[in-house]
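Have a look at work_6.txt below; it lists compact mmCIF, C-alpha atoms.
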# COMPACT_ATOMS: atom_id res chain seq x y z
CA MET G 28 -11.57 -21.32 1.76
CA ASN G 29 -14.66 -19.79 0.24
CA ILE G 30 -14.30 -20.17 -3.52
CA ASN G 31 -17.34 -19.34 -5.64
CA GLN G 32 -18.67 -21.58 -8.39
CA ASN G 33 -17.40 -19.52 -11.33
CA ALA G 34 -13.90 -19.37 -9.86
CA ARG G 35 -13.92 -23.13 -9.16
CA GLU G 36 -14.91 -23.85 -12.75
CA LEU G 37 -12.18 -21.53 -14.06
CA LEU G 38 -9.63 -23.25 -11.81
CA ASP G 39 -10.73 -26.68 -13.08
CA ARG G 40 -10.42 -25.52 -16.69
CA TYR G 41 -6.95 -24.10 -16.06
CA LEU G 42 -5.77 -27.32 -14.39
CA PHE G 43 -7.36 -29.39 -17.15
CA ALA G 44 -5.45 -27.32 -19.74
CA VAL G 45 -2.19 -27.87 -17.84
CA LYS G 46 -2.82 -31.62 -17.64
CA LYS G 47 -3.49 -31.81 -21.37
CA GLU G 48 -0.03 -30.40 -22.05
CA LEU G 49 1.70 -32.91 -19.77
CA SER G 50 2.53 -36.51 -20.48
CA GLY G 51 3.89 -39.47 -18.58
CA THR G 52 2.97 -41.02 -15.27
CA GLU G 53 3.55 -37.83 -13.27
CA ARG G 54 0.96 -35.65 -15.01
CA GLU G 55 -1.73 -36.24 -12.37
CA ASP G 56 0.73 -35.62 -9.55
CA ILE G 57 2.12 -32.43 -11.11
CA THR G 58 -1.40 -31.07 -11.70
CA ASN G 59 -2.30 -31.78 -8.07
CA GLU G 60 0.80 -29.95 -6.88
CA ILE G 61 -0.02 -26.93 -9.07
CA GLU G 62 -3.55 -26.92 -7.66
CA SER G 63 -2.15 -27.08 -4.14
CA HIS G 64 0.18 -24.14 -4.95
CA ILE G 65 -2.70 -22.04 -6.33
CA PHE G 66 -4.69 -22.59 -3.12
CA ASP G 67 -1.63 -21.63 -1.05
CA GLU G 68 -1.29 -18.44 -3.11
CA LEU G 69 -4.97 -17.60 -2.59
CA GLU G 70 -4.68 -18.28 1.13
CA GLY G 71 -1.58 -16.09 1.36
CA ARG G 72 -3.22 -13.15 -0.42
CA PHE G 73 -6.79 -13.08 0.77
CA PRO G 74 -8.30 -13.47 4.25
CA GLU G 75 -10.01 -16.79 4.85
CA SER G 76 -13.45 -15.21 5.14
CA GLU G 77 -13.18 -13.40 1.79
CA GLU G 78 -14.93 -14.96 -1.20
CA ILE G 79 -12.56 -16.09 -3.95
CA THR G 80 -13.90 -14.79 -7.23
CA LYS G 81 -12.88 -15.37 -10.84
CA GLU G 82 -11.02 -12.03 -10.88
CA LYS G 83 -8.93 -12.92 -7.82
CA LEU G 84 -8.02 -16.26 -9.33
CA GLU G 85 -7.12 -14.65 -12.65
CA GLU G 86 -4.68 -12.37 -10.81
CA ILE G 87 -2.69 -15.51 -9.93
CA PHE G 88 -3.07 -17.08 -13.40
CA THR G 89 -1.77 -13.88 -15.01
CA GLU G 90 1.37 -14.13 -12.88
CA MET G 91 1.78 -17.84 -13.53
CA GLY G 92 1.19 -17.54 -17.28
CA SER G 93 -0.59 -19.77 -19.76
CA PRO G 94 -1.25 -23.45 -18.91
CA ARG G 95 1.16 -24.40 -21.70
CA LYS G 96 3.94 -22.37 -20.11
CA VAL G 97 3.28 -23.90 -16.69
CA ALA G 98 3.23 -27.43 -18.12
CA TRP G 99 6.29 -27.01 -20.33
CA GLN G 100 8.43 -26.15 -17.32
CA PHE G 101 7.97 -29.72 -16.17
CA ARG G 102 8.79 -31.25 -19.53
CA PRO G 103 12.21 -32.69 -20.29
CA GLN G 104 14.63 -30.05 -21.57
CA ARG G 105 15.39 -32.07 -24.71
CA ALA G 106 12.00 -32.33 -26.39
CA LEU G 107 12.02 -33.18 -30.11
CA ILE G 108 10.25 -29.90 -30.80
CA GLY G 109 10.31 -27.46 -27.91
CA PRO G 110 7.87 -24.75 -26.81
CA LYS G 111 9.41 -22.08 -29.01
CA PHE G 112 8.47 -23.78 -32.27
CA TYR G 113 5.70 -26.17 -31.25
CA PRO G 114 2.65 -23.93 -32.03
CA ILE G 115 3.94 -23.02 -35.50
CA TYR G 116 4.98 -26.65 -36.10
CA VAL G 117 1.42 -27.87 -35.42
CA ILE G 118 -0.06 -25.28 -37.81
CA VAL G 119 2.44 -26.03 -40.62
CA ALA G 120 2.08 -29.82 -40.20
CA ARG G 121 -1.73 -29.64 -40.37
CA ILE G 122 -1.69 -27.42 -43.48
CA LEU G 123 0.93 -29.55 -45.22
CA VAL G 124 -0.82 -32.87 -44.51
CA ALA G 125 -4.17 -31.42 -45.68
CA VAL G 126 -2.57 -30.06 -48.89
CA VAL G 127 -0.81 -33.37 -49.66
CA VAL G 128 -3.97 -35.46 -49.07
CA GLY G 129 -6.05 -32.96 -51.11
CA ALA G 130 -3.56 -32.99 -54.02
CA LEU G 131 -3.48 -36.81 -54.04
CA LEU G 132 -7.28 -36.97 -53.99
CA LEU G 133 -7.41 -34.60 -56.97
CA SER G 134 -4.74 -36.56 -58.85
CA ASN G 135 -6.63 -39.84 -58.20
CA VAL G 136 -9.89 -38.32 -59.43
CA ILE G 137 -8.22 -37.02 -62.62
CA THR G 138 -6.46 -40.36 -63.24
CA THR G 139 -9.75 -42.23 -62.75
CA ILE G 140 -11.62 -39.96 -65.15
CA LEU G 141 -8.94 -39.98 -67.87
CA GLY G 142 -7.51 -43.49 -67.41
CA THR G 143 -8.89 -46.97 -67.83
CA PRO G 144 -11.96 -47.60 -65.68
CA ASP G 145 -11.05 -49.42 -62.45
CA SER G 146 -13.43 -50.82 -59.88
CA PHE G 147 -14.52 -48.57 -57.00
CA TRP G 148 -12.50 -50.63 -54.51
CA GLN G 149 -9.34 -50.32 -56.60
CA VAL G 150 -9.74 -46.53 -56.86
CA LEU G 151 -10.40 -46.29 -53.12
CA GLY G 152 -7.48 -48.59 -52.33
CA ASN G 153 -5.13 -46.55 -54.56
CA PHE G 154 -6.23 -43.31 -52.98
CA LEU G 155 -5.97 -44.57 -49.37
CA GLY G 156 -2.56 -46.10 -50.04
CA SER G 157 -1.12 -42.98 -51.66
CA ALA G 158 -2.82 -40.63 -49.14
CA TRP G 159 -1.43 -42.59 -46.20
CA SER G 160 2.14 -42.69 -47.50
CA GLY G 161 1.96 -39.06 -48.73
CA ALA G 162 0.63 -37.76 -45.40
CA LEU G 163 3.19 -39.81 -43.49
CA SER G 164 6.08 -38.52 -45.63
CA ALA G 165 4.89 -34.91 -45.33
CA PHE G 166 4.46 -35.26 -41.56
CA GLY G 167 7.85 -36.94 -41.17
CA MET G 168 9.57 -34.35 -43.35
CA ILE G 169 8.12 -31.36 -41.50
CA THR G 170 8.91 -32.97 -38.13
CA LEU G 171 12.51 -33.52 -39.22
CA ILE G 172 12.85 -29.93 -40.42
CA PHE G 173 11.49 -28.50 -37.15
CA ALA G 174 13.57 -30.91 -35.07
CA GLY G 175 16.60 -29.63 -37.02
CA ILE G 176 15.67 -26.02 -36.31
CA GLU G 177 15.15 -26.93 -32.64
CA ARG G 178 18.60 -28.53 -32.43
CA ALA G 179 20.16 -25.53 -34.19
CA THR G 180 18.81 -23.22 -31.48
CA GLU G 181 19.25 -25.58 -28.55
CA GLY G 182 21.06 -24.78 -25.34
CA LYS G 183 18.42 -22.27 -24.32
CA SER G 184 16.54 -23.22 -21.17
CA TRP G 185 13.08 -21.86 -20.40
CA GLU G 186 14.71 -19.25 -18.17
CA ASP G 187 16.80 -18.01 -21.10
CA MET G 188 13.94 -18.14 -23.58
CA LYS G 189 11.11 -16.60 -21.64
CA ASP G 190 11.93 -13.07 -22.80
CA PHE G 191 11.95 -14.03 -26.47
CA GLU G 192 9.36 -12.04 -28.38
CA GLU G 193 7.90 -15.11 -30.10
CA LEU G 194 7.36 -16.84 -26.77
CA LYS G 195 5.32 -14.06 -25.20
CA GLU G 196 2.19 -15.20 -27.00
CA ILE G 197 2.26 -18.70 -25.54
CA ASN G 198 3.45 -17.45 -22.15
CA GLU G 199 0.52 -15.15 -21.55
CA TYR G 200 -2.60 -16.31 -19.74
CA LYS G 201 -5.79 -15.72 -21.72
CA SER G 202 -9.04 -16.97 -20.23
CA SER G 203 -10.58 -17.21 -23.71
CA GLU G 204 -8.05 -19.92 -24.63
CA LEU G 205 -8.91 -22.24 -21.75
CA PRO G 206 -10.60 -25.44 -22.96
CA GLN G 207 -14.03 -26.46 -21.75
CA LEU G 208 -14.11 -29.32 -19.27
CA PRO G 209 -14.87 -32.69 -20.88
CA LEU G 210 -18.19 -34.30 -20.05
CA ARG G 211 -16.32 -37.41 -19.04
CA GLU G 212 -12.64 -38.08 -19.09
CA LYS G 213 -11.41 -41.24 -20.81
CA LYS G 214 -9.18 -42.90 -18.23
CA PHE G 215 -5.93 -44.44 -19.31
CA ASP G 216 -5.87 -48.17 -18.55
CA ARG G 217 -2.25 -49.30 -18.20
CA VAL G 218 -3.06 -53.02 -17.81
CA GLY G 219 -5.46 -52.95 -20.75
CA THR G 220 -2.83 -51.25 -22.90
CA VAL G 221 -0.23 -53.88 -21.96
CA PHE G 222 -2.69 -56.58 -23.07
CA GLU G 223 -3.28 -54.67 -26.33
CA ILE G 224 0.49 -54.66 -26.94
CA ILE G 225 0.82 -58.38 -26.14
CA PHE G 226 -2.14 -59.33 -28.37
CA GLY G 227 -0.80 -57.03 -31.11
CA MET G 228 2.53 -58.87 -31.04
CA ILE G 229 0.82 -62.28 -31.05
CA GLY G 230 -1.33 -61.08 -33.99
CA LEU G 231 1.72 -59.94 -35.94
CA ALA G 232 3.51 -63.25 -35.28
CA PHE G 233 0.42 -65.27 -36.29
CA LEU G 234 -0.17 -63.32 -39.51
CA THR G 235 3.52 -63.54 -40.43
CA TYR G 236 3.39 -67.32 -39.89
CA ILE G 237 0.18 -67.70 -41.90
CA GLN G 238 1.72 -65.67 -44.73
CA SER G 239 4.86 -67.81 -44.82
CA SER G 240 2.90 -71.09 -44.59
CA GLY G 241 0.47 -70.07 -47.35
CA GLY G 242 -2.59 -70.25 -45.09
CA ALA G 243 -1.77 -73.51 -43.29
CA ILE G 244 -1.42 -74.23 -39.58
CA PRO G 245 0.50 -77.08 -37.90
CA PHE G 246 -1.63 -80.04 -36.81
CA ARG G 247 -0.82 -83.48 -35.37
CA ILE G 248 -2.76 -85.93 -37.56
CA ASN G 249 -1.61 -89.20 -35.99
CA ALA G 250 -0.46 -89.56 -32.40
CA GLY G 251 3.24 -90.28 -32.28
CA GLU G 252 3.89 -88.56 -35.59
CA GLY G 253 5.24 -85.06 -36.08
CA LEU G 254 3.23 -81.94 -36.87
CA GLN G 255 1.90 -81.50 -40.38
CA ASN G 256 0.68 -78.33 -42.05
CA ILE G 257 -3.06 -78.35 -42.70
CA GLN G 258 -4.54 -75.78 -45.10
CA VAL G 259 -7.22 -73.75 -43.27
CA LEU G 260 -7.34 -70.53 -45.30
CA THR G 261 -8.15 -70.37 -49.00
CA GLU G 262 -6.05 -68.54 -51.57
CA ASN G 263 -8.65 -65.75 -51.55
CA TYR G 264 -7.37 -64.58 -48.16
CA LEU G 265 -3.63 -64.70 -48.83
CA PRO G 266 -3.34 -61.42 -50.88
CA LEU G 267 -5.01 -59.60 -47.95
CA ILE G 268 -2.44 -60.71 -45.33
CA PRO G 269 0.03 -57.83 -46.04
CA PHE G 270 -2.79 -55.34 -45.38
CA ALA G 271 -3.77 -57.19 -42.19
CA LEU G 272 -0.11 -57.08 -41.12
CA ALA G 273 0.10 -53.33 -41.82
CA ILE G 274 -3.06 -52.59 -39.82
CA THR G 275 -1.98 -54.79 -36.91
CA GLY G 276 1.39 -52.98 -36.93
CA LEU G 277 -0.43 -49.64 -36.97
CA GLU G 278 -2.53 -50.65 -33.96
CA LEU G 279 0.48 -52.05 -32.11
CA ALA G 280 2.46 -48.82 -32.66
CA ARG G 281 -0.53 -46.87 -31.37
CA SER G 282 -0.77 -49.01 -28.21
CA ILE G 283 2.96 -48.54 -27.55
CA THR G 284 2.62 -44.76 -28.05
CA LEU G 285 -0.34 -44.72 -25.66
CA PHE G 286 1.61 -46.72 -23.09
CA VAL G 287 4.64 -44.41 -23.31
CA GLN G 288 2.69 -41.16 -23.05
CA GLY G 289 0.49 -42.53 -20.27
CA HIS G 290 -2.76 -40.86 -21.31
CA HIS G 291 -5.18 -40.53 -24.22
CA SER G 292 -4.50 -37.62 -26.56
CA GLY G 293 -5.64 -36.27 -29.92
CA LEU G 294 -2.81 -38.20 -31.56
CA THR G 295 -3.70 -41.61 -30.09
CA ASN G 296 -7.46 -41.04 -30.51
CA TRP G 297 -7.20 -40.10 -34.21
CA TRP G 298 -4.70 -42.91 -34.69
CA ASN G 299 -7.25 -45.30 -33.24
CA ILE G 300 -9.96 -43.95 -35.56
CA ALA G 301 -7.64 -44.30 -38.59
CA ALA G 302 -6.83 -47.91 -37.63
CA GLN G 303 -10.53 -48.70 -37.21
CA VAL G 304 -11.38 -47.19 -40.61
CA ALA G 305 -8.56 -49.24 -42.17
CA ASN G 306 -9.96 -52.31 -40.41
CA VAL G 307 -13.45 -51.72 -41.81
CA ILE G 308 -12.00 -51.48 -45.33
CA LEU G 309 -9.97 -54.66 -44.81
CA VAL G 310 -12.97 -56.52 -43.41
CA GLY G 311 -14.92 -55.31 -46.46
CA PHE G 312 -12.29 -56.90 -48.72
CA ILE G 313 -12.35 -60.12 -46.66
CA PHE G 314 -16.14 -60.16 -46.96
CA LYS G 315 -15.78 -59.84 -50.73
CA ALA G 316 -13.14 -62.60 -50.81
CA MET G 317 -15.36 -65.17 -49.04
CA PRO G 318 -15.09 -68.17 -48.71
CA ILE G 319 -11.76 -67.89 -46.95
CA ILE G 320 -11.97 -70.97 -44.69
CA THR G 321 -11.20 -74.41 -46.11
CA LEU G 322 -11.46 -77.66 -44.16
CA GLU G 323 -10.29 -79.92 -46.98
CA GLY G 324 -6.98 -80.54 -45.23
CA LEU G 325 -8.86 -82.04 -42.26
CA ASN G 326 -10.15 -84.93 -44.42
CA ALA G 327 -6.91 -86.70 -43.57
CA VAL G 328 -7.71 -86.37 -39.84
CA TRP G 329 -11.42 -87.20 -39.94
CA PRO G 330 -11.97 -89.12 -43.23
CA ASN G 331 -15.58 -90.05 -42.39
CA ALA G 332 -16.76 -86.62 -41.30
CA ASN G 333 -18.90 -84.48 -43.60
CA LEU G 334 -16.59 -81.50 -43.61
CA SER G 335 -18.07 -79.67 -46.57
CA ASN G 336 -21.19 -78.81 -44.53
CA LEU G 337 -19.03 -77.68 -41.65
CA GLU G 338 -16.91 -75.59 -44.02
CA SER G 339 -19.97 -73.91 -45.48
CA LEU G 340 -21.29 -73.28 -41.94
CA ALA G 341 -17.94 -71.81 -40.85
CA ASN G 342 -17.83 -69.45 -43.84
CA THR G 343 -21.45 -68.39 -43.39
CA GLY G 344 -20.86 -67.80 -39.66
CA LEU G 345 -17.73 -65.81 -40.41
CA SER G 346 -19.61 -63.71 -43.01
CA VAL G 347 -22.28 -62.87 -40.43
CA LEU G 348 -19.60 -61.96 -37.86
CA LEU G 349 -17.74 -59.80 -40.39
CA GLY G 350 -20.98 -58.03 -41.34
CA LEU G 351 -21.69 -57.32 -37.67
CA ALA G 352 -18.09 -56.19 -37.16
CA ILE G 353 -18.34 -53.72 -40.06
CA PHE G 354 -21.63 -52.35 -38.76
CA GLY G 355 -20.40 -52.10 -35.14
CA THR G 356 -17.09 -50.51 -36.10
CA ILE G 357 -18.73 -47.90 -38.35
CA ILE G 358 -21.03 -46.87 -35.46
CA ASP G 359 -18.04 -46.80 -33.08
CA VAL G 360 -16.00 -44.67 -35.53
CA ILE G 361 -18.86 -42.17 -35.93
CA VAL G 362 -19.20 -41.86 -32.13
CA LYS G 363 -15.43 -41.46 -31.69
CA VAL G 364 -15.10 -38.85 -34.46
CA TYR G 365 -18.00 -36.87 -32.97
CA ARG G 366 -16.46 -37.04 -29.48
CA GLU G 367 -13.00 -36.14 -30.77
CA ILE G 368 -14.33 -33.08 -32.59
CA LYS G 369 -16.38 -32.00 -29.55
CA GLU G 370 -13.73 -32.73 -26.92
CA PRO G 371 -10.34 -32.97 -28.64
CA GLY G 372 -7.85 -35.20 -26.88
CA TYR G 373 -10.44 -36.94 -24.64
CA MET R 26 25.73 -18.39 -11.97
CA ARG R 27 22.24 -18.04 -10.49
CA ARG R 28 21.19 -21.42 -11.85
CA GLY R 29 23.87 -23.20 -9.81
CA VAL R 30 23.18 -21.13 -6.71
CA ILE R 31 19.45 -21.98 -6.79
CA VAL R 32 20.27 -25.64 -6.19
CA LEU R 33 22.43 -24.77 -3.18
CA ALA R 34 19.84 -22.32 -1.81
CA THR R 35 17.02 -24.86 -2.22
CA LEU R 36 18.88 -27.81 -0.73
CA SER R 37 19.99 -25.69 2.22
CA GLN R 38 16.35 -25.03 3.20
CA LEU R 39 15.29 -28.66 3.04
CA GLU R 40 16.95 -30.00 6.19
CA LYS R 41 13.37 -30.00 7.46
CA ALA R 42 10.38 -30.94 5.28
CA GLU R 43 8.85 -28.06 3.31
CA TYR R 44 6.17 -27.77 0.64
CA GLY R 45 6.68 -25.68 -2.50
CA TYR R 46 4.83 -22.53 -1.46
CA SER R 47 6.42 -22.40 2.02
CA LEU R 48 9.86 -22.85 0.47
CA ILE R 49 9.28 -20.02 -2.03
CA LYS R 50 8.17 -17.73 0.84
CA GLU R 51 11.15 -18.71 2.97
CA LEU R 52 13.69 -18.09 0.20
CA ASN R 53 12.04 -14.80 -0.82
CA GLU R 54 11.96 -13.56 2.79
CA LYS R 55 15.69 -14.23 3.01
CA GLY R 56 16.22 -12.09 -0.10
CA PHE R 57 16.63 -14.93 -2.62
CA GLU R 58 13.97 -14.28 -5.27
CA VAL R 59 12.58 -17.45 -6.81
CA GLY R 60 9.24 -18.14 -8.50
CA GLN R 61 7.02 -21.20 -8.73
CA ASP R 62 8.00 -21.59 -12.40
CA THR R 63 11.58 -22.31 -11.35
CA LEU R 64 11.15 -24.00 -8.00
CA TYR R 65 8.61 -26.78 -8.65
CA PRO R 66 10.40 -28.24 -11.70
CA LEU R 67 13.70 -27.96 -9.76
CA LEU R 68 12.27 -29.88 -6.80
CA ARG R 69 11.12 -32.64 -9.13
CA ARG R 70 14.50 -32.75 -10.83
CA LEU R 71 16.33 -32.99 -7.50
CA GLU R 72 13.97 -35.75 -6.43
CA LYS R 73 14.64 -37.65 -9.65
CA GLN R 74 18.36 -37.28 -8.93
CA GLU R 75 17.59 -38.98 -5.59
CA LEU R 76 18.70 -36.03 -3.50
CA LEU R 77 15.25 -35.40 -2.02
CA ASP R 78 12.41 -37.50 -0.69
CA SER R 79 8.83 -36.35 -1.04
CA GLU R 80 5.39 -37.32 0.20
CA TRP R 81 1.83 -36.03 0.09
CA ARG R 82 0.61 -35.08 3.56
CA VAL R 83 -3.04 -34.62 4.26
CA GLU R 84 -2.91 -33.27 7.80
CA ASP R 85 -3.00 -29.67 6.48
CA PRO R 86 -6.29 -28.05 5.37
CA ARG R 87 -5.65 -29.84 2.07
CA PRO R 88 -3.03 -32.24 0.69
CA ARG R 89 0.44 -30.77 0.17
CA ARG R 90 3.55 -32.34 -1.22
CA TYR R 91 6.46 -32.07 1.20
CA TYR R 92 10.11 -32.35 0.19
CA GLU R 93 13.04 -33.17 2.46
CA LEU R 94 16.75 -33.89 2.03
CA ASN R 95 17.75 -37.54 2.16
CA GLU R 96 21.18 -38.89 3.06
CA THR R 97 22.61 -38.39 -0.47
CA GLY R 98 21.18 -34.87 -0.54
CA ARG R 99 22.76 -34.06 2.82
CA GLU R 100 26.15 -35.28 1.58
CA LEU R 101 25.87 -33.19 -1.58
CA LEU R 102 24.77 -30.13 0.40
CA LYS R 103 27.85 -30.47 2.60
CA GLU R 104 30.08 -30.60 -0.49
CA LEU R 105 28.30 -27.69 -2.19
CA LYS R 106 28.56 -25.55 0.95
CA ALA R 107 32.31 -26.22 1.21
CA ALA R 108 32.82 -25.47 -2.51
CA TRP R 109 30.74 -22.30 -2.25
CA THR R 110 32.69 -21.01 0.82
CA GLU R 111 35.93 -21.69 -0.99
CA GLN R 112 34.76 -19.85 -4.13
CA VAL R 113 33.57 -16.85 -2.13
CA LYS R 114 36.97 -16.68 -0.40
CA ILE R 115 38.81 -16.78 -3.74
CA ILE R 116 36.58 -14.22 -5.43
CA LYS R 117 36.84 -11.90 -2.41
CA GLU R 118 40.61 -11.99 -2.65
CA ILE R 119 40.50 -11.38 -6.41
CA ILE R 120 38.19 -8.36 -6.32
CA GLN R 121 39.78 -6.64 -3.33

Structure translated into structure tokens:
Amino acid sequence: MNINQNARELLDRYLFAVKKELSGTEREDITNEIESHIFDELEGRFPESEEITKEKLEEIFTEMGSPRKVAWQFRPQRALIGPKFYPIYVIVARILVAVVVGALLLSNVITTILGTPDSFWQVLGNFLGSAWSGALSAFGMITLIFAGIERATEGKSWEDMKDFEELKEINEYKSSELPQLPLREKKFDRVGTVFEIIFGMIGLAFLTYIQSSGGAIPFRINAGEGLQNIQVLTENYLPLIPFALAITGLELARSITLFVQGHHSGLTNWWNIAAQVANVILVGFIFKAMPIITLEGLNAVWPNANLSNLESLANTGLSVLLGLAIFGTIIDVIVKVYREIKEPGY
Amino acid sequence: MRRGVIVLATLSQLEKAEYGYSLIKELNEKGFEVGQDTLYPLLRRLEKQELLDSEWRVEDPRPRRYYELNETGRELLKELKAAWTEQVKIIKEIIQ
């Protein structure tokens, strides 16, 4: 088949848009089948020698409808928020979250100006804490409301709903709404994600243990004797453990979401950015709380060793590593935010 | 009514392996109008219900996904055909 370059690019953009709307392990397979169907349609309509132009391809797209419509037909019938309400849900959720975060920012600024002077980190911590819980509550509330509306109007399949006036907009094919092709697609790595989940769980278990033991880890001092708890973390670190737990939980939930949906999306990418920003802030606090490593407990194991030098070396080394981590993560976040704005969802 | 009949019509054409487009053409030529928006998701659903087997074949000018009835699908088709014949008989008697 003789398909010209403009038509090929349009076809790729259409298929890319369909794929973006799909989730799960079958998305690649479904997209390939749709592509195969489009070629069959072209072959059935136009002689083999005829050049396939953008206009000829658009004739088929107009009949098929928008990429969202094509993709939604393959989605499970019982989505939390179905195609009828999804576009308006996204708009309302974005506005509401922005308004809540904006209002909390304003209220924090006013409180800071009028109230007792707090340190910059306290103000920032207060704002981030209240913004996070406010945004989460607003998002959860609006999702619940729309899910309720969806359930109230359920029982309508796509076949029944396709003549609804409000659906016509998302059903129609419009070339102007097709996304540009990404420069490079971020591939989903199933094995890597499984490792992320496993390490996330180990991290949660470790932090929970450290919190309950007050910064000590079990160590066998004398052979033949039982395990004894040796203090390895100073009291400076202990107040930060709940934050470390929250961030690890946030990252773990993101990895599980990524694993379930089977591909990178705007949600998982922004989630990743948020977790990295939270990590930078936490590392900043850890940096401020240094020294956090203590080797005093090991005096019982190696009484003759000069552990104070080793302790100072460990804390200095950790400070350098934390500094590098902050620097590296900030660069990584800037790159990711730029990429996410330029190519949303990839 | 049509929704139930589509399953019977589709299964009845899959005694031999067919790909989506050829199946749409075949059903439409026989007077049973069905579009890609209905047929492809239906084929996937029937496959998930383990009534059909499918495979990508590359011997055509390009890869195509072929669907075919498996043993469970054949059994169900037999039952659906019998139920359909019975219903037609009853309705015929009622409306005459």

At what distance in Å, to one decimal, does CA of Thr97 (chain R) lie from CA of Leu76 (chain R)?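 Computing it gives 5.5 Å between the two atoms.
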
Please identify all residues of chain R having at least one atom at most 7 Å from any atom of chain G, considering only C-alpha atoms, and return them as a list in words.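 Filtering chain R at 7 Å from chain G with only C-alpha atoms gives Tyr46, Asp62, Pro66, Arg89 and Arg90 of chain R.
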
Which of these residues is nearest to Gly60 (chain R), using all atoms listed in the file: R:Ile31, R:Glu118, R:Asn95, R:Ala42? R:Ile31

Which of these residues is nearest to Glu80 (chain R), using all atoms listed in the file: R:Gln61, R:Glu43, R:Trp109, R:Leu67? R:Glu43

Choose the residue, out of G:Pro94, G:Gly311, G:Gly293, G:Pro206, that has the smallest atom-to-atom separation from Gly350 (chain G); count only C-alpha atoms. G:Gly311

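Using all atoms listed in the file, the set of residues no farther than 12 Å from the position (4.1, -57.9, -33.1) comprises Glu223, Ile224, Ile225, Phe226, Gly227, Met228, Ile229, Gly230, Leu231, Ala232, Phe233, Leu234, Thr235, Tyr236, Leu272, Ala273, Ile274, Thr275, Gly276, Leu277, Glu278, Leu279, Ala280, Ser282 and Ile283 of chain G.
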
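You will find CA of Ser240 (chain G) at 8.8 Å from CA of Gln258 (chain G).
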
Which polymer residues have any atom within 8 Å of an atom of region 31-41 of chain G, counting only C-alpha atoms, with same-chain residues fewer than 6 positions away left out, as a list in words? Glu78, Ile79, Thr80, Lys81, Glu82, Leu84, Pro94, Leu205, Pro206, Gln207 and Leu208 of chain G

One decimal, Å: what's the distance from CA of Arg121 (chain G) over to CA of Asn153 (chain G), could you say?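 Straight-line distance from CA of Arg121 (chain G) to CA of Asn153 (chain G) works out to 22.3 Å.
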
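In this comparison, which uses all atoms listed in the file, the residue of G:Ile140, G:Val360, G:Ile257, G:Ala332 approaching Ala302 (chain G) most closely is G:Val360.
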
Within 9 Å of Leu309 (chain G) using only C-alpha atoms, minus same-chain residues under 4 positions, as number ranges by chain: G: 267, 270-271, 274, 304-305, 313-314

With all atoms listed in the file as the counted atoms, please give the residues lying no more than 12 Å from Gln303 (chain G), apart from itself and same-chain residues fewer than 5 positions off, as an MDAnalysis selection string. chainID G and resid 271 274:275 277:278 281 296:298 308:310 352:361 363:364

Tell me, as a PDB file with C-alpha atoms, in the frame of the given file, which residues lie within 9 Å of Gly241 (chain G), counting only C-alpha atoms; anything in the same chain fewer than 6 positions away does not count.
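What ended up in part20.pdb:
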ATOM      1  CA  GLN G 258      -4.540 -75.780 -45.100  1.00  0.00           C
ATOM      2  CA  LEU G 260      -7.340 -70.530 -45.300  1.00  0.00           C
ATOM      3  CA  THR G 261      -8.150 -70.370 -49.000  1.00  0.00           C
ATOM      4  CA  GLU G 262      -6.050 -68.540 -51.570  1.00  0.00           C
ATOM      5  CA  LEU G 265      -3.630 -64.700 -48.830  1.00  0.00           C
TER       6      LEU G 265
END

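Using all atoms listed in the file, the protein and nucleic acid residues lying no more than 12 Å from Leu71 (chain R), apart from those fewer than 2 places from it along its own chain, are Ile31, Val32, Leu33, Thr35, Leu36, Leu39, Leu64, Tyr65, Pro66, Leu67, Leu68, Arg69, Lys73, Gln74, Glu75, Leu76, Leu77, Asp78, Ser79, Tyr92, Glu93, Leu94, Asn95, Thr97, Gly98, Leu101 and Leu102 of chain R.
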
Return region 89-95 of chain R, completed with N, CA and C atoms, as a PDB file, in the coordinates of the input.
ATOM      1  N   ARG R  89      -0.729 -31.521   0.669  1.00  0.00           N
ATOM      2  CA  ARG R  89       0.440 -30.770   0.170  1.00  0.00           C
ATOM      3  C   ARG R  89       1.597 -31.732   0.014  1.00  0.00           C
ATOM      4  N   ARG R  90       2.409 -31.458  -0.990  1.00  0.00           N
ATOM      5  CA  ARG R  90       3.550 -32.340  -1.220  1.00  0.00           C
ATOM      6  C   ARG R  90       4.769 -31.762  -0.515  1.00  0.00           C
ATOM      7  N   TYR R  91       5.302 -32.518   0.412  1.00  0.00           N
ATOM      8  CA  TYR R  91       6.460 -32.070   1.200  1.00  0.00           C
ATOM      9  C   TYR R  91       7.746 -32.694   0.645  1.00  0.00           C
ATOM     10  N   TYR R  92       8.790 -31.889   0.642  1.00  0.00           N
ATOM     11  CA  TYR R  92      10.110 -32.350   0.190  1.00  0.00           C
ATOM     12  C   TYR R  92      11.102 -32.240   1.336  1.00  0.00           C
ATOM     13  N   GLU R  93      12.018 -33.191   1.407  1.00  0.00           N
ATOM     14  CA  GLU R  93      13.040 -33.170   2.460  1.00  0.00           C
ATOM     15  C   GLU R  93      14.329 -33.808   1.934  1.00  0.00           C
ATOM     16  N   LEU R  94      15.463 -33.311   2.439  1.00  0.00           N
ATOM     17  CA  LEU R  94      16.750 -33.890   2.030  1.00  0.00           C
ATOM     18  C   LEU R  94      16.855 -35.336   2.499  1.00  0.00           C
ATOM     19  N   ASN R  95      17.422 -36.188   1.677  1.00  0.00           N
ATOM     20  CA  ASN R  95      17.750 -37.540   2.160  1.00  0.00           C
ATOM     21  C   ASN R  95      19.267 -37.603   2.403  1.00  0.00           C
TER      22      ASN R  95
END
